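Source file: input-v5.cif (mmCIF, C-alpha atoms (C1' of nucleotides))
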data_start
loop_
_atom_site.label_atom_id
_atom_site.label_comp_id
_atom_site.auth_asym_id
_atom_site.auth_seq_id
_atom_site.Cartn_x
_atom_site.Cartn_y
_atom_site.Cartn_z
CA MET A 24 47.76 85.07 40.09
CA SER A 25 49.11 81.90 38.48
CA LEU A 26 45.81 80.10 39.00
CA ARG A 27 44.29 82.52 36.52
CA TYR A 28 46.73 81.51 33.81
CA ALA A 29 46.71 77.85 34.69
CA LEU A 30 42.94 77.95 34.08
CA LEU A 31 43.35 79.88 30.84
CA GLY A 32 45.87 77.30 29.66
CA PHE A 33 43.26 74.58 29.97
CA LEU A 34 40.44 76.62 28.45
CA ILE A 35 42.56 77.58 25.45
CA THR A 36 43.05 73.92 24.68
CA THR A 37 39.37 73.00 25.11
CA PRO A 38 36.30 74.84 26.42
CA LEU A 39 35.43 73.45 29.85
CA SER A 40 33.08 74.02 32.78
CA GLY A 41 34.17 74.96 36.29
CA TYR A 42 33.44 71.46 37.46
CA GLN A 43 35.54 69.90 34.70
CA LEU A 44 38.37 72.29 35.53
CA ALA A 45 38.08 71.34 39.19
CA THR A 46 38.67 67.68 38.33
CA ARG A 47 41.84 68.67 36.47
CA PHE A 48 43.10 70.79 39.35
CA LYS A 49 42.28 68.45 42.17
CA SER A 50 44.85 67.51 44.79
CA GLY A 51 47.33 64.91 43.59
CA GLY A 52 46.24 65.16 39.97
CA GLY A 53 47.07 68.72 38.96
CA LEU A 54 49.36 69.59 36.07
CA PHE A 55 51.83 71.85 37.93
CA TRP A 56 48.97 73.60 39.71
CA GLU A 57 46.24 72.51 42.10
CA ALA A 58 43.13 74.30 43.38
CA VAL A 59 39.75 73.55 44.94
CA PRO A 60 36.35 74.23 43.30
CA SER A 61 35.51 77.30 45.38
CA GLN A 62 38.69 78.97 44.20
CA ILE A 63 38.10 78.00 40.58
CA TYR A 64 34.52 79.30 40.41
CA ARG A 65 35.56 82.61 41.92
CA GLU A 66 38.44 82.98 39.47
CA LEU A 67 36.20 82.09 36.52
CA ALA A 68 33.80 84.84 37.56
CA ALA A 69 36.72 87.30 37.70
CA LEU A 70 37.95 86.15 34.29
CA GLU A 71 34.50 86.65 32.78
CA VAL A 72 34.34 90.20 34.18
CA LEU A 73 37.80 90.83 32.66
CA GLY A 74 36.44 89.64 29.32
CA TRP A 75 39.20 87.02 29.05
CA ILE A 76 36.72 84.15 28.94
CA ALA A 77 33.08 83.92 27.76
CA PRO A 78 30.35 81.27 27.89
CA ALA A 79 30.85 78.91 24.97
CA PRO A 80 27.93 79.28 22.53
CA GLU A 81 28.38 75.96 20.77
CA GLY A 82 26.00 73.15 21.74
CA LEU A 83 23.52 73.21 24.57
CA PRO A 84 25.37 72.73 27.83
CA ALA A 85 24.72 69.26 29.20
CA ARG A 86 22.95 69.17 32.55
CA ASN A 87 23.36 72.62 34.03
CA GLN A 88 26.98 73.25 33.16
CA ARG A 89 28.47 76.62 32.38
CA VAL A 90 31.14 76.00 29.73
CA TYR A 91 33.66 78.74 29.04
CA GLU A 92 36.01 79.48 26.19
CA VAL A 93 38.89 81.93 25.98
CA THR A 94 38.38 85.24 24.15
CA SER A 95 41.05 86.80 21.93
CA ALA A 96 41.81 89.26 24.76
CA GLY A 97 42.29 86.28 27.07
CA ALA A 98 44.63 84.54 24.64
CA ALA A 99 46.70 87.71 24.29
CA ALA A 100 46.92 88.08 28.08
CA MET A 101 48.04 84.47 28.34
CA ASP A 102 50.80 84.93 25.80
CA ALA A 103 51.97 88.10 27.54
CA TRP A 104 52.09 86.35 30.90
CA CYS A 105 54.05 83.41 29.52
CA ALA A 106 56.62 85.76 28.04
CA GLU A 107 57.21 87.53 31.36
CA ALA A 108 60.34 86.74 33.33
CA GLN A 109 59.71 84.28 36.13
CA ASP A 110 59.95 85.59 39.66
CA TYR A 111 60.66 82.61 41.82
CA PRO A 112 58.35 82.06 44.78
CA PRO A 113 59.92 82.32 48.23
CA GLU A 114 61.38 79.19 49.74
CA ARG A 115 58.83 77.53 52.01
CA ASP A 116 59.43 73.94 52.91
CA PRO A 117 57.51 72.79 55.99
CA GLU A 118 59.03 69.32 55.91
CA ARG A 119 62.58 70.63 56.02
CA VAL A 120 61.57 72.93 58.88
CA ARG A 121 60.32 69.89 60.76
CA LEU A 122 63.45 67.87 60.12
CA LEU A 123 65.71 70.79 61.00
CA ASN A 124 64.03 71.10 64.38
CA MET A 125 63.89 67.36 64.97
CA ASP A 126 67.46 67.17 66.20
CA GLY A 127 66.33 66.39 69.72
CA ALA A 128 63.96 63.66 68.53
CA PRO A 129 64.71 59.92 68.58
CA PRO A 130 66.19 58.58 65.30
CA ALA A 131 63.07 56.43 64.85
CA GLN A 132 60.99 59.60 64.46
CA ILE A 133 63.41 61.07 61.94
CA ARG A 134 63.38 57.75 60.10
CA ALA A 135 59.58 57.67 59.97
CA HIS A 136 59.51 61.11 58.37
CA LEU A 137 62.14 60.15 55.82
CA GLU A 138 60.21 57.01 54.92
CA ALA A 139 57.07 59.07 54.41
CA HIS A 140 59.12 61.45 52.27
CA ARG A 141 60.41 58.57 50.16
CA ASP A 142 56.92 57.07 49.79
CA HIS A 143 55.32 60.38 48.93
CA TYR A 144 57.78 61.07 46.14
CA ALA A 145 57.53 57.49 44.92
CA ASP A 146 53.80 58.14 44.46
CA ARG A 147 54.50 61.41 42.72
CA ARG A 148 57.11 59.75 40.56
CA ARG A 149 54.54 57.22 39.40
CA PHE A 150 52.15 60.04 38.58
CA TRP A 151 54.63 61.92 36.41
CA GLN A 152 55.97 58.76 34.82
CA ALA A 153 52.41 57.90 33.82
CA ARG A 154 52.12 61.29 32.12
CA CYS A 155 55.40 60.63 30.28
CA ASP A 156 54.13 57.23 29.18
CA GLU A 157 50.92 58.76 27.89
CA VAL A 158 52.88 61.28 25.85
CA ASP A 159 55.10 58.53 24.44
CA ALA A 160 52.06 56.45 23.53
CA GLY A 161 50.34 59.42 21.91
CA HIS A 162 47.41 58.96 24.30
CA TYR A 163 47.67 62.23 26.17
CA ALA A 164 44.35 63.87 25.43
CA ARG A 165 45.24 67.40 26.48
CA LEU A 166 48.42 67.38 24.42
CA ASN A 167 46.68 65.93 21.37
CA ALA A 168 43.95 68.56 21.60
CA ARG A 169 46.61 71.20 21.89
CA LEU A 170 48.63 69.96 18.94
CA GLN A 171 45.64 70.62 16.67
CA ARG A 172 46.30 74.34 17.12
CA TYR A 173 49.67 74.02 15.40
CA PRO A 174 50.89 72.82 11.98
CA ALA A 175 52.02 69.19 11.83
CA GLU A 176 55.70 70.02 11.28
CA ARG A 177 55.84 71.56 14.75
CA HIS A 178 54.25 68.64 16.56
CA ALA A 179 57.46 66.73 17.27
CA PHE A 180 59.00 69.83 18.80
CA ILE A 181 56.02 70.52 21.04
CA ILE A 182 55.79 66.89 22.12
CA GLY A 183 59.49 66.95 23.01
CA GLN A 184 58.99 70.15 25.01
CA VAL A 185 56.07 68.82 27.05
CA ARG A 186 57.81 65.49 27.50
CA ARG A 187 60.80 67.27 29.01
CA LEU A 188 58.60 69.18 31.45
CA PHE A 189 57.07 65.94 32.73
CA ALA A 190 60.42 64.15 32.75
CA GLY A 191 61.82 67.02 34.80
CA ASN A 192 59.28 66.30 37.51
CA VAL A 193 60.08 62.58 37.40
CA ARG A 194 63.68 63.57 37.95
CA ARG A 195 62.83 65.80 40.89
CA CYS A 196 61.02 62.91 42.51
CA GLU A 197 63.96 60.59 41.93
CA THR A 198 66.29 63.10 43.56
CA GLU A 199 64.05 63.19 46.63
CA ILE A 200 63.77 59.41 46.80
CA ALA A 201 67.52 58.88 46.50
CA TRP A 202 68.18 61.55 49.12
CA ALA A 203 65.73 60.02 51.59
CA GLU A 204 67.07 56.51 51.02
CA GLU A 205 70.65 57.57 51.58
CA PHE A 206 69.62 59.47 54.70
CA ILE A 207 67.83 56.37 56.01
CA ALA A 208 70.84 54.20 55.22
CA TRP A 209 73.00 56.59 57.21
CA LEU A 210 70.58 56.44 60.14
CA ASP A 211 70.65 52.65 59.96
CA GLY A 212 74.41 52.52 59.55
CA ASP A 213 76.85 51.74 62.31
CA THR A 214 77.09 54.18 65.19
CA SER A 215 80.22 55.74 63.71
CA HIS A 216 77.97 57.95 61.59
CA GLY A 217 80.47 59.02 58.95
CA PRO A 218 80.50 62.44 57.26
CA ALA A 219 77.63 63.57 55.09
CA PRO A 220 78.17 63.51 51.32
CA MET B 19 50.97 77.57 60.16
CA SER B 20 54.56 76.54 59.47
CA LEU B 21 55.80 80.09 59.94
CA ARG B 22 54.84 79.78 63.58
CA TYR B 23 57.09 76.76 64.07
CA ALA B 24 59.87 78.09 61.89
CA LEU B 25 59.98 81.10 64.26
CA LEU B 26 59.86 78.89 67.34
CA GLY B 27 62.75 76.86 65.95
CA PHE B 28 64.93 79.95 65.87
CA LEU B 29 63.80 81.26 69.24
CA ILE B 30 64.47 77.91 70.93
CA THR B 31 68.05 78.09 69.75
CA THR B 32 68.57 81.70 70.84
CA PRO B 33 66.25 84.46 72.11
CA LEU B 34 65.80 87.01 69.34
CA SER B 35 63.83 90.14 68.46
CA GLY B 36 61.34 90.42 65.61
CA TYR B 37 63.84 92.42 63.64
CA GLN B 38 66.58 89.83 64.10
CA LEU B 39 64.15 87.12 63.05
CA ALA B 40 63.20 89.14 59.98
CA THR B 41 66.84 89.20 58.85
CA ARG B 42 66.94 85.39 59.14
CA PHE B 43 63.71 84.98 57.18
CA LYS B 44 64.40 87.48 54.45
CA SER B 45 64.00 86.56 50.80
CA GLY B 46 66.90 84.57 49.43
CA GLY B 47 68.41 83.94 52.83
CA GLY B 48 65.82 81.89 54.68
CA LEU B 49 66.51 78.46 56.14
CA PHE B 50 63.68 76.51 54.44
CA TRP B 51 61.22 79.32 55.20
CA GLU B 52 60.96 82.98 54.23
CA ALA B 53 58.71 85.77 55.49
CA VAL B 54 58.54 89.55 55.64
CA PRO B 55 58.68 91.65 58.85
CA SER B 56 54.96 92.48 58.92
CA GLN B 57 54.12 88.80 58.95
CA ILE B 58 56.70 88.02 61.62
CA TYR B 59 55.54 90.75 64.02
CA ARG B 60 51.95 89.60 63.66
CA GLU B 61 52.89 86.00 64.35
CA LEU B 62 55.03 86.94 67.34
CA ALA B 63 52.06 88.79 68.85
CA ALA B 64 49.92 85.68 68.33
CA LEU B 65 52.59 83.45 69.87
CA GLU B 66 52.80 85.71 72.92
CA VAL B 67 49.00 85.52 73.37
CA LEU B 68 49.26 81.72 73.13
CA GLY B 69 51.89 81.81 75.87
CA TRP B 70 54.37 79.98 73.67
CA ILE B 71 56.90 82.81 73.79
CA ALA B 72 57.58 85.54 76.35
CA PRO B 73 59.78 88.64 76.52
CA ALA B 74 63.27 87.56 77.56
CA PRO B 75 64.03 88.98 81.02
CA GLU B 76 67.82 88.69 80.85
CA GLY B 77 69.73 91.89 80.12
CA LEU B 78 68.23 95.23 79.18
CA PRO B 79 67.14 95.09 75.56
CA ALA B 80 69.55 97.08 73.42
CA ARG B 81 68.00 100.08 71.65
CA ASN B 82 64.26 99.48 71.71
CA GLN B 83 64.21 95.81 70.87
CA ARG B 84 61.64 93.33 72.12
CA VAL B 85 63.53 90.07 72.57
CA TYR B 86 61.50 86.87 72.99
CA GLU B 87 62.30 83.46 74.34
CA VAL B 88 60.31 80.24 74.11
CA THR B 89 58.27 79.08 77.11
CA SER B 90 58.04 75.44 78.17
CA ALA B 91 54.55 75.31 76.61
CA GLY B 92 56.06 76.61 73.37
CA ALA B 93 58.81 74.01 73.40
CA ALA B 94 56.26 71.24 73.96
CA ALA B 95 54.11 72.54 71.09
CA MET B 96 57.18 72.60 68.86
CA ASP B 97 58.08 69.00 69.67
CA ALA B 98 54.49 67.90 69.06
CA TRP B 99 54.39 69.63 65.68
CA CYS B 100 57.69 68.11 64.60
CA ALA B 101 56.43 64.64 65.46
CA GLU B 102 53.26 65.06 63.35
CA ALA B 103 53.09 63.35 59.99
CA GLN B 104 53.87 65.70 57.13
CA ASP B 105 51.00 66.63 54.85
CA TYR B 106 52.60 67.70 51.62
CA PRO B 107 51.58 71.09 50.25
CA PRO B 108 49.70 71.09 46.94
CA GLU B 109 51.72 71.24 43.77
CA ARG B 110 52.00 74.83 42.57
CA ASP B 111 54.72 75.59 40.09
CA PRO B 112 54.17 78.84 38.17
CA GLU B 113 57.28 78.37 36.07
CA ARG B 114 56.17 74.98 34.80
CA VAL B 115 52.73 76.44 34.04
CA ARG B 116 54.44 79.08 31.95
CA LEU B 117 56.58 76.59 30.07
CA LEU B 118 53.65 74.23 29.51
CA ASN B 119 51.70 77.04 27.87
CA MET B 120 54.66 78.35 25.93
CA ASP B 121 54.32 75.78 23.16
CA GLY B 122 53.27 78.44 20.67
CA ALA B 123 56.17 80.71 21.61
CA PRO B 124 59.43 81.03 19.66
CA PRO B 125 62.25 78.72 20.89
CA ALA B 126 64.27 81.82 21.87
CA GLN B 127 61.64 82.66 24.48
CA ILE B 128 61.66 79.12 25.87
CA ARG B 129 65.42 79.23 25.92
CA ALA B 130 65.47 82.52 27.83
CA HIS B 131 63.25 81.04 30.53
CA LEU B 132 65.39 77.93 30.81
CA GLU B 133 68.54 80.03 31.13
CA ALA B 134 66.90 82.04 33.91
CA HIS B 135 65.92 78.76 35.55
CA ARG B 136 69.50 77.49 35.35
CA ASP B 137 70.90 80.76 36.69
CA HIS B 138 68.39 80.96 39.52
CA TYR B 139 69.21 77.47 40.75
CA ALA B 140 72.93 78.11 40.31
CA ASP B 141 72.49 81.00 42.75
CA ARG B 142 70.50 78.82 45.12
CA ARG B 143 73.09 76.09 44.82
CA ARG B 144 75.81 78.49 45.92
CA PHE B 145 73.68 79.51 48.88
CA TRP B 146 73.14 75.96 50.10
CA GLN B 147 76.71 74.93 49.38
CA ALA B 148 77.87 77.85 51.52
CA ARG B 149 75.72 76.52 54.38
CA CYS B 150 77.28 73.07 53.91
CA ASP B 151 80.75 74.58 53.97
CA GLU B 152 79.97 76.45 57.17
CA VAL B 153 78.79 73.24 58.81
CA ASP B 154 81.93 71.43 57.67
CA ALA B 155 84.13 74.22 59.01
CA GLY B 156 82.26 74.30 62.33
CA HIS B 157 81.44 77.97 61.72
CA TYR B 158 77.69 77.69 61.51
CA ALA B 159 76.53 79.86 64.40
CA ARG B 160 72.94 78.61 64.60
CA LEU B 161 74.06 74.99 64.63
CA ASN B 162 76.76 75.61 67.22
CA ALA B 163 74.28 77.41 69.47
CA ARG B 164 71.89 74.55 69.02
CA LEU B 165 74.46 71.86 69.80
CA GLN B 166 74.92 73.34 73.27
CA ARG B 167 71.47 72.01 74.14
CA TYR B 168 72.67 68.43 73.70
CA PRO B 169 75.40 66.27 75.22
CA ALA B 170 78.68 66.15 73.30
CA GLU B 171 78.32 62.50 72.26
CA ARG B 172 75.27 63.42 70.16
CA HIS B 173 76.91 66.31 68.35
CA ALA B 174 78.32 64.28 65.44
CA PHE B 175 74.90 62.79 64.80
CA ILE B 176 73.13 66.15 64.81
CA ILE B 177 75.79 67.73 62.60
CA GLY B 178 75.38 64.86 60.12
CA GLN B 179 71.61 65.30 60.17
CA VAL B 180 71.71 69.05 59.46
CA ARG B 181 74.45 68.56 56.89
CA ARG B 182 72.21 66.14 55.01
CA LEU B 183 69.31 68.59 55.00
CA PHE B 184 71.48 71.28 53.44
CA ALA B 185 73.12 68.81 51.04
CA GLY B 186 69.65 67.70 49.96
CA ASN B 187 68.89 71.24 48.83
CA VAL B 188 72.21 71.45 46.98
CA ARG B 189 71.18 68.29 45.21
CA ARG B 190 67.76 69.67 44.29
CA CYS B 191 69.45 72.67 42.72
CA GLU B 192 71.83 70.46 40.78
CA THR B 193 68.90 68.46 39.43
CA GLU B 194 67.26 71.67 38.21
CA ILE B 195 70.48 72.95 36.64
CA ALA B 196 71.17 69.69 34.82
CA TRP B 197 67.57 69.51 33.58
CA ALA B 198 67.66 73.07 32.24
CA GLU B 199 71.03 72.56 30.58
CA GLU B 200 69.91 69.39 28.84
CA PHE B 201 66.71 71.10 27.74
CA ILE B 202 68.72 74.00 26.31
CA ALA B 203 71.08 71.59 24.55
CA TRP B 204 68.08 69.91 22.97
CA LEU B 205 66.72 73.29 21.84
CA ASP B 206 70.12 74.13 20.37
CA GLY B 207 70.55 70.69 18.82
CA ASP B 208 69.98 69.84 15.22
CA THR B 209 66.46 70.15 13.88
CA SER B 210 65.90 66.41 14.20
CA HIS B 211 64.93 67.00 17.84
CA GLY B 212 65.31 63.46 19.10
CA PRO B 213 63.16 61.87 21.82
CA ALA B 214 63.16 63.23 25.36
CA PRO B 215 65.03 61.18 27.95
"C1'" DC C 8 12.19 57.50 46.34
"C1'" DT C 9 16.64 57.34 48.13
"C1'" DG C 10 21.32 57.84 47.70
"C1'" DC C 11 25.04 59.29 44.90
"C1'" DC C 12 27.38 62.06 41.83
"C1'" DC C 13 27.13 66.29 38.98
"C1'" DA C 14 27.36 71.16 39.26
"C1'" DT C 15 27.70 75.87 41.02
"C1'" DG C 16 28.42 78.59 44.22
"C1'" DT C 17 28.66 81.67 49.33
"C1'" DA C 18 30.83 82.78 53.76
"C1'" DA C 19 34.24 82.98 57.08
"C1'" DA C 20 38.79 82.42 58.50
"C1'" DT C 21 43.64 82.16 57.77
"C1'" DC C 22 47.82 83.14 55.56
"C1'" DG C 23 50.67 86.03 52.71
"C1'" DT C 24 51.91 90.55 50.23
"C1'" DT C 25 52.39 95.44 49.59
"C1'" DA C 26 52.43 99.91 51.08
"C1'" DC C 27 52.87 102.94 54.52
"C1'" DA C 28 53.75 105.17 59.42
"C1'" DT C 29 56.71 106.17 63.15
"C1'" DG C 30 60.49 106.95 65.99
"C1'" DA C 31 65.34 105.84 67.79
"C1'" DT C 32 70.23 105.41 66.96
"C1'" DT C 33 74.44 105.57 64.47
"C1'" DA C 34 77.83 107.18 60.85
"C1'" DC C 35 79.29 110.83 58.20
"C1'" DG D 7 71.99 117.88 60.62
"C1'" DT D 8 71.20 114.49 57.38
"C1'" DA D 9 71.12 110.02 55.64
"C1'" DA D 10 71.16 105.25 56.57
"C1'" DT D 11 69.97 101.66 59.36
"C1'" DC D 12 67.59 99.71 63.38
"C1'" DA D 13 63.16 98.57 65.11
"C1'" DT D 14 58.19 97.87 65.54
"C1'" DG D 15 54.30 97.96 63.83
"C1'" DT D 16 49.11 99.13 60.98
"C1'" DA D 17 46.08 98.87 57.09
"C1'" DA D 18 44.45 97.12 53.07
"C1'" DC D 19 44.44 93.84 49.88
"C1'" DG D 20 44.98 89.25 47.66
"C1'" DA D 21 45.23 84.24 47.74
"C1'" DT D 22 44.03 79.94 49.86
"C1'" DT D 23 41.42 76.79 52.86
"C1'" DT D 24 37.46 74.95 55.04
"C1'" DA D 25 32.85 74.47 55.72
"C1'" DC D 26 28.54 74.85 54.17
"C1'" DA D 27 24.24 75.61 50.90
"C1'" DT D 28 21.59 74.31 47.03
"C1'" DG D 29 19.54 71.97 43.35
"C1'" DG D 30 19.44 68.71 39.13
"C1'" DG D 31 19.88 64.10 37.10
"C1'" DC D 32 20.56 59.23 37.22
"C1'" DA D 33 20.91 54.30 39.07
"C1'" DG D 34 19.17 51.04 42.05
#

Could you take the file, read its structure, and then write that structure out as structure tokens?
Amino acid sequence: MSLRYALLGFLITTPLSGYQLATRFKSGGGLFWEAVPSQIYRELAALEVLGWIAPAPEGLPARNQRVYEVTSAGAAAMDAWCAEAQDYPPERDPERVRLLNMDGAPPAQIRAHLEAHRDHYADRRRFWQARCDEVDAGHYARLNARLQRYPAERHAFIIGQVRRLFAGNVRRCETEIAWAEEFIAWLDGDTSHGPAP
Amino acid sequence: MSLRYALLGFLITTPLSGYQLATRFKSGGGLFWEAVPSQIYRELAALEVLGWIAPAPEGLPARNQRVYEVTSAGAAAMDAWCAEAQDYPPERDPERVRLLNMDGAPPAQIRAHLEAHRDHYADRRRFWQARCDEVDAGHYARLNARLQRYPAERHAFIIGQVRRLFAGNVRRCETEIAWAEEFIAWLDGDTSHGPAP
DNA sequence: CTGCCCATGTAAATCGTTACATGATTAC
DNA sequence: GTAATCATGTAACGATTTACATGGGCAG
């Protein structure tokens, strides 16, 4: 159900085609949500039936694109969804399940998984830091497009808000990196294997 | 697919019934994975067809329970899965999607969501800290049952390993709490609204 | 004119959620 | 005997993944 609103959030900012949305939701590059084209096209069709989006009339669509914009009903639904209380998704962490059941495995195998963990979150940290840098430089296209919907005196507040969302993800990544590095150091430490922090 | 191995991980430690597994996977109490009974019973049936689990012969099942234990094929499959490289699940964070699209909303609404975030992770922090405390006190039943599968000289290592997994989740929660609190402080701060960290 | 990227989908399978059905046992 | 809990499921639906189908436009 969140895909629906993640899509609306992009379309409210700027009318886009399914293909353009797919590039923004692709694996490793999504803004808090990721999805594949087949899922996006299906959801767009559902949103059009709901009357929450409609083909954008302005300008002839380049190539054979179908560009959508959000209707007033869609914008209202978006606002209502955002206001709802969050119900937190169930805990599902396949990597922790692996590590929990890896107690019989050789330390080298545990170490390899922790190194992959560290490297993965180092990549993700770079991604989110790049988003922060773009915000700081005023080069973040989606944010700039979005700011145009609001009066200038609110811009600093909105920029600060978005900046904190991105910085929060940088921080998550740093927590994971530090955890993995300390775990690896413990594995590499002397055989006394002192108590965990 | 991870549910399958999360179940195997419990059954390897101790033979259990579907109902007993369901209590260990219930929302808010799962060990890195959560699932509802209907999903667990379906997966157990699939695992029995695969020959990875089998009804435990020992002792008459109390009431009308069906208690399963892991076969040698199941144990081998578990080890193979644990050794696999982790492929990280796609990023899907409905709460961040909400907050990202809440830029037009009144600060009170943003604040309410951040307070719920803080409170949620404070709850989760207590949960994981309780697991850490149980490990430290030697009262963690699943870990103690699991240790019996290994020679005594490896126990300290395994305890340290599990302790670090739990402590890592405590740390994640603390990161979320600190982030939310700083965000709230910024919202409550003077109207200058300085730069994000 | 061939290969590549743009662009929109369909189909099947798997995984997860919600609602419901059914009966046994235990506590009061 | 009645309610709560134990215990095992079925059915239907919803969300996600994977694989495939199809055609247009552009660069070499």

Using all atoms listed in the file, find each residue of chain A with at least one atom at most 8 Å away from an atom of chain B; report its shortest atom-to-atom pair and that distance in Å (one decimal), sort the rows by chain and rising residue number, and return the result as CSV.
residue,atom,partner,partner_atom,distance
A:Ser25,CA,B:Pro112,CA,5.9
A:Tyr28,CA,B:Val115,CA,7.9
A:Ala29,CA,B:Val115,CA,6.2
A:Gly32,CA,B:Asn119,CA,6.1
A:Ser50,CA,B:Pro108,CA,6.4
A:Gly51,CA,B:Pro108,CA,7.4
A:Gly53,CA,B:Glu109,CA,7.1
A:Leu54,CA,B:Val115,CA,7.9
A:Phe55,CA,B:Asp111,CA,5.2
A:Trp56,CA,B:Arg110,CA,4.3
A:Glu57,CA,B:Glu109,CA,5.9
A:Asp102,CA,B:Met120,CA,7.6
A:Trp104,CA,B:Arg116,CA,7.7
A:Cys105,CA,B:Arg116,CA,5.0
A:Ala106,CA,B:Gln127,CA,6.9
A:Ala108,CA,B:His131,CA,7.0
A:Gln109,CA,B:Glu113,CA,6.4
A:Tyr111,CA,B:Glu113,CA,7.9
A:Pro113,CA,B:Glu52,CA,6.1
A:Glu114,CA,B:Trp51,CA,5.5
A:Arg115,CA,B:Trp51,CA,4.4
A:Asp116,CA,B:Phe50,CA,5.2
A:Pro117,CA,B:Ser20,CA,5.9
A:Glu118,CA,B:Gln104,CA,6.4
A:Arg119,CA,B:Phe50,CA,6.2
A:Val120,CA,B:Phe50,CA,6.1
A:Arg121,CA,B:Cys100,CA,5.0
A:Leu122,CA,B:Cys100,CA,7.3
A:Leu123,CA,B:Val180,CA,6.4
A:Asn124,CA,B:Gly27,CA,6.1
A:Met125,CA,B:Cys100,CA,6.3
A:Asp126,CA,B:Ile176,CA,5.9
A:Gly127,CA,B:Tyr168,CA,7.8
A:Gln132,CA,B:Ala101,CA,6.9
A:His136,CA,B:Ala103,CA,7.0
A:Ala139,CA,B:Gln104,CA,7.8
A:Tyr173,CA,B:Gly122,CA,7.8
A:Ala179,CA,B:His211,CA,7.5
A:Phe180,CA,B:His211,CA,6.6
A:Ile181,CA,B:Asp121,CA,5.9
A:Gly183,CA,B:Ala214,CA,5.7
A:Gln184,CA,B:Asp121,CA,7.5
A:Val185,CA,B:Leu118,CA,6.4
A:Arg186,CA,B:Ala214,CA,6.2
A:Arg187,CA,B:Ala214,CA,5.9
A:Leu188,CA,B:Arg114,CA,7.1
A:Ala190,CA,B:Pro215,CA,7.3
A:Gly191,CA,B:Trp197,CA,6.4
A:Arg194,CA,B:Thr193,CA,7.3
A:Arg195,CA,B:Thr193,CA,6.8
A:Thr198,CA,B:Arg190,CA,6.8
A:Glu199,CA,B:Arg190,CA,7.8
A:Trp202,CA,B:Gly186,CA,6.4
A:Phe206,CA,B:Arg182,CA,7.2
A:His216,CA,B:Phe175,CA,6.6
A:Gly217,CA,B:Gly178,CA,7.8
A:Pro218,CA,B:Gly178,CA,6.3
A:Ala219,CA,B:Gly178,CA,5.7
A:Pro220,CA,B:Ala185,CA,7.3

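Only residues having an atom at most 6 Å from (62.8, 103.1, 66.4) are included; using only C-alpha atoms (C1' of nucleotides), these are DG30 and DA31 of chain C; DA13 of chain D.
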
Among listed residues C:DT25, C:DA20, C:DA14, C:DT33, nearest chain A (using only C-alpha atoms (C1' of nucleotides)):
C:DA14

I need the residue set behind the PyMOL selection byres ((chain C) within 9 of (chain A)) for this file; please write it as a list in words.
DC13, DA14, DT15 and DG16 of chain C

Could you save those same residues with C-alpha atoms (C1' of nucleotides) as a JSON list (two decimals), in the coordinates of the input?
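This is the output file selection.json:
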[["chain", "number", "residue", "atom", "x", "y", "z"],
["C", 13, "DC", "C1'", 27.13, 66.29, 38.98],
["C", 14, "DA", "C1'", 27.36, 71.16, 39.26],
["C", 15, "DT", "C1'", 27.70, 75.87, 41.02],
["C", 16, "DG", "C1'", 28.42, 78.59, 44.22]]

Please identify all polymer residues within 12 Å of DC27 of chain C, counting all atoms listed in the file, omitting same-chain residues fewer than 4 positions from it, and present them as a ChimeraX atom specification.
/B:56 /D:15-18

Let me have the centre and edge lengths in Å, one decimal, of the box along x, y and z around every listed atom of segment 14-30 of chain C with 5 Å of margin on each side, as JSON.
{"center_x": 43.9, "center_y": 89.1, "center_z": 52.6, "size_x": 43.1, "size_y": 45.8, "size_z": 36.7}

Contacts between chain A and chain D, please, where a residue of chain D counts if it comes within 12 Å (with only C-alpha atoms (C1' of nucleotides)); show its shortest atom pair and distance in Å to one decimal, rows by chain and ascending number, as a tab-separated table.
residue	atom	partner	partner_atom	distance
D:DG20	C1'	A:Met24	CA	9.1
D:DA21	C1'	A:Met24	CA	8.1
D:DT22	C1'	A:Gln62	CA	7.8
D:DT23	C1'	A:Val59	CA	8.7
D:DT24	C1'	A:Ser61	CA	10.1
D:DA25	C1'	A:Ser61	CA	11.0
D:DC26	C1'	A:Ser61	CA	11.5
D:DG29	C1'	A:Asn87	CA	10.1
D:DG30	C1'	A:Arg86	CA	7.5
D:DG31	C1'	A:Arg86	CA	7.5
D:DC32	C1'	A:Arg86	CA	11.2

So which residues get picked by the PyMOL selection byres ((chain C and resi 34) around 10) here, written as a VMD selection string?
(chain C and resid 32 to 33 35) or (chain D and resid 9 to 11)

Those residues with C-alpha atoms (C1' of nucleotides), as a compact mmCIF listing (two decimals), in the frame of the given file please?
# COMPACT_ATOMS: atom_id res chain seq x y z
C1' DT C 32 70.23 105.41 66.96
C1' DT C 33 74.44 105.57 64.47
C1' DC C 35 79.29 110.83 58.20
C1' DA D 9 71.12 110.02 55.64
C1' DA D 10 71.16 105.25 56.57
C1' DT D 11 69.97 101.66 59.36

Between atom CA of Leu39 of chain A and atom CA of Val90 of chain A, what is the distance in Å, rounded to a tenth?
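Atom-to-atom, atom CA of Leu39 of chain A to atom CA of Val90 of chain A, that is 5.0 Å.
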
Could you tell me, as number ranges by chain, exactly which residues end up selected when the PyMOL selection byres ((chain D and resi 34) around 10) is applied to this structure?
C: 9-10; D: 32-33

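From atom CA of Ile207 of chain A back to atom CA of Asp146 of chain A, the distance works out to 18.3 Å.
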
Please compute the atom CA of Leu73 of chain A-atom CA of Arg165 of chain A distance, one decimal, in Å.
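Atom-to-atom, atom CA of Leu73 of chain A to atom CA of Arg165 of chain A, that is 25.3 Å.
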